[in-house]
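Trainee: Before we start, here is the structure in question, set down as structure tokens.
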Amino acid sequence: MARAALQMGVRDLASAANVSPTTITRLERGEPLYPRTVEAIRAALEAAGVEFIAENGGGAGVRLRKETV
């Protein structure tokens with residue numbers, strides 16, 4: 001969802017996180033990855049403007065950060 005919200009392709013996210021496109025595909029399929037790999041992807045998404053929302057009864061989610069003027 002985060003990648004789609006940013007209109008970011010698999011290769012774009014892979015490049016930003018310094019991982020292979022196959023790794024992004026594996027993450028999106030729910031396959032296990034090393035924690036440091038997941039953190040690199042998360043950091044790349046956050047740097048691009050994604051905020052991760054903790055589970056609050058309705059499930060975890062993401063949203064785009066509001067731009068501050």
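Ordering of the structure tokens sets the chain letters (A, B, ...); residue numbers start at 1 within each chain; ligands are numbered from 1 in the order shown.
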DSSP on the backbone: which residues in chain A end up as helix (DSSP H, G or I)? Give the answer as a count of residues only.

Mentor: 34

Trainee: When you look at A:Glu51 with a cut-off of 12 Å (counting only C-alpha atoms), what residues show up, excluding the ones that are within fewer than 5 positions of it in the same chain? I need them as a count of residues only.

Mentor: 18

Trainee: Which polymer residues have any atom within 12 Å of an atom of A:Val19, counting only C-alpha atoms, with same-chain residues fewer than 2 positions away left out, as a ChimeraX atom specification?

Mentor: /A:10-17,21-27,33-34,36-42,44

Trainee: Could you please take those selected residues and save N, CA and C atoms as an mmCIF file, in the first residue's frame?

Mentor:
```cif
data_model
loop_
_atom_site.group_PDB
_atom_site.id
_atom_site.type_symbol
_atom_site.label_atom_id
_atom_site.label_comp_id
_atom_site.auth_asym_id
_atom_site.auth_seq_id
_atom_site.Cartn_x
_atom_site.Cartn_y
_atom_site.Cartn_z
ATOM 1 N N VAL A 10 8.459 -0.849 -8.257
ATOM 2 C CA VAL A 10 9.281 -1.812 -7.511
ATOM 3 C C VAL A 10 10.757 -1.451 -7.627
ATOM 4 N N ARG A 11 11.202 -1.134 -8.833
ATOM 5 C CA ARG A 11 12.620 -0.790 -9.027
ATOM 6 C C ARG A 11 12.995 0.496 -8.312
ATOM 7 N N ASP A 12 12.078 1.461 -8.286
ATOM 8 C CA ASP A 12 12.349 2.732 -7.601
ATOM 9 C C ASP A 12 12.549 2.508 -6.106
ATOM 10 N N LEU A 13 11.651 1.735 -5.498
ATOM 11 C CA LEU A 13 11.765 1.455 -4.073
ATOM 12 C C LEU A 13 13.009 0.626 -3.781
ATOM 13 N N ALA A 14 13.273 -0.347 -4.619
ATOM 14 C CA ALA A 14 14.467 -1.174 -4.429
ATOM 15 C C ALA A 14 15.726 -0.310 -4.441
ATOM 16 N N SER A 15 15.797 0.607 -5.378
ATOM 17 C CA SER A 15 16.952 1.495 -5.469
ATOM 18 C C SER A 15 17.063 2.380 -4.226
ATOM 19 N N ALA A 16 15.941 2.942 -3.785
ATOM 20 C CA ALA A 16 15.942 3.815 -2.608
ATOM 21 C C ALA A 16 16.352 3.067 -1.342
ATOM 22 N N ALA A 17 15.996 1.784 -1.252
ATOM 23 C CA ALA A 17 16.309 0.981 -0.068
ATOM 24 C C ALA A 17 17.627 0.220 -0.211
ATOM 25 N N PRO A 21 15.084 -5.588 -6.659
ATOM 26 C CA PRO A 21 13.641 -5.594 -6.922
ATOM 27 C C PRO A 21 12.982 -6.904 -6.481
ATOM 28 N N THR A 22 13.705 -8.003 -6.584
ATOM 29 C CA THR A 22 13.171 -9.292 -6.129
ATOM 30 C C THR A 22 12.859 -9.250 -4.637
ATOM 31 N N THR A 23 13.674 -8.548 -3.863
ATOM 32 C CA THR A 23 13.444 -8.429 -2.423
ATOM 33 C C THR A 23 12.137 -7.691 -2.154
ATOM 34 N N ILE A 24 11.860 -6.639 -2.909
ATOM 35 C CA ILE A 24 10.598 -5.901 -2.737
ATOM 36 C C ILE A 24 9.426 -6.818 -3.072
ATOM 37 N N THR A 25 9.541 -7.568 -4.138
ATOM 38 C CA THR A 25 8.488 -8.505 -4.525
ATOM 39 C C THR A 25 8.264 -9.546 -3.433
ATOM 40 N N ARG A 26 9.345 -10.053 -2.864
ATOM 41 C CA ARG A 26 9.216 -11.050 -1.786
ATOM 42 C C ARG A 26 8.515 -10.443 -0.577
ATOM 43 N N LEU A 27 8.853 -9.197 -0.227
ATOM 44 C CA LEU A 27 8.203 -8.520 0.895
ATOM 45 C C LEU A 27 6.704 -8.395 0.632
ATOM 46 N N LEU A 33 11.905 -11.944 5.402
ATOM 47 C CA LEU A 33 13.127 -11.224 5.071
ATOM 48 C C LEU A 33 13.898 -10.953 6.356
ATOM 49 N N TYR A 34 15.179 -10.672 6.224
ATOM 50 C CA TYR A 34 15.964 -10.292 7.395
ATOM 51 C C TYR A 34 15.418 -8.984 7.965
ATOM 52 N N ARG A 36 16.918 -6.452 9.149
ATOM 53 C CA ARG A 36 17.636 -5.254 8.659
ATOM 54 C C ARG A 36 17.176 -4.876 7.249
ATOM 55 N N THR A 37 16.750 -5.851 6.465
ATOM 56 C CA THR A 37 16.243 -5.571 5.121
ATOM 57 C C THR A 37 14.891 -4.873 5.208
ATOM 58 N N VAL A 38 14.031 -5.359 6.075
ATOM 59 C CA VAL A 38 12.719 -4.734 6.271
ATOM 60 C C VAL A 38 12.908 -3.302 6.763
ATOM 61 N N GLU A 39 13.856 -3.095 7.663
ATOM 62 C CA GLU A 39 14.111 -1.748 8.190
ATOM 63 C C GLU A 39 14.618 -0.814 7.096
ATOM 64 N N ALA A 40 15.450 -1.304 6.200
ATOM 65 C CA ALA A 40 15.945 -0.477 5.095
ATOM 66 C C ALA A 40 14.797 -0.059 4.180
ATOM 67 N N ILE A 41 13.886 -0.967 3.920
ATOM 68 C CA ILE A 41 12.731 -0.657 3.071
ATOM 69 C C ILE A 41 11.820 0.331 3.777
ATOM 70 N N ARG A 42 11.586 0.100 5.050
ATOM 71 C CA ARG A 42 10.747 1.021 5.829
ATOM 72 C C ARG A 42 11.351 2.417 5.852
ATOM 73 N N ALA A 44 13.322 3.786 3.677
ATOM 74 C CA ALA A 44 13.186 4.393 2.349
ATOM 75 C C ALA A 44 11.769 4.922 2.135
#
```

Trainee: Atom CA of A:Ile53 and atom CA of A:Gly9 are how many Å apart?

Mentor: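 Between these atoms lies a distance of 22.0 Å.
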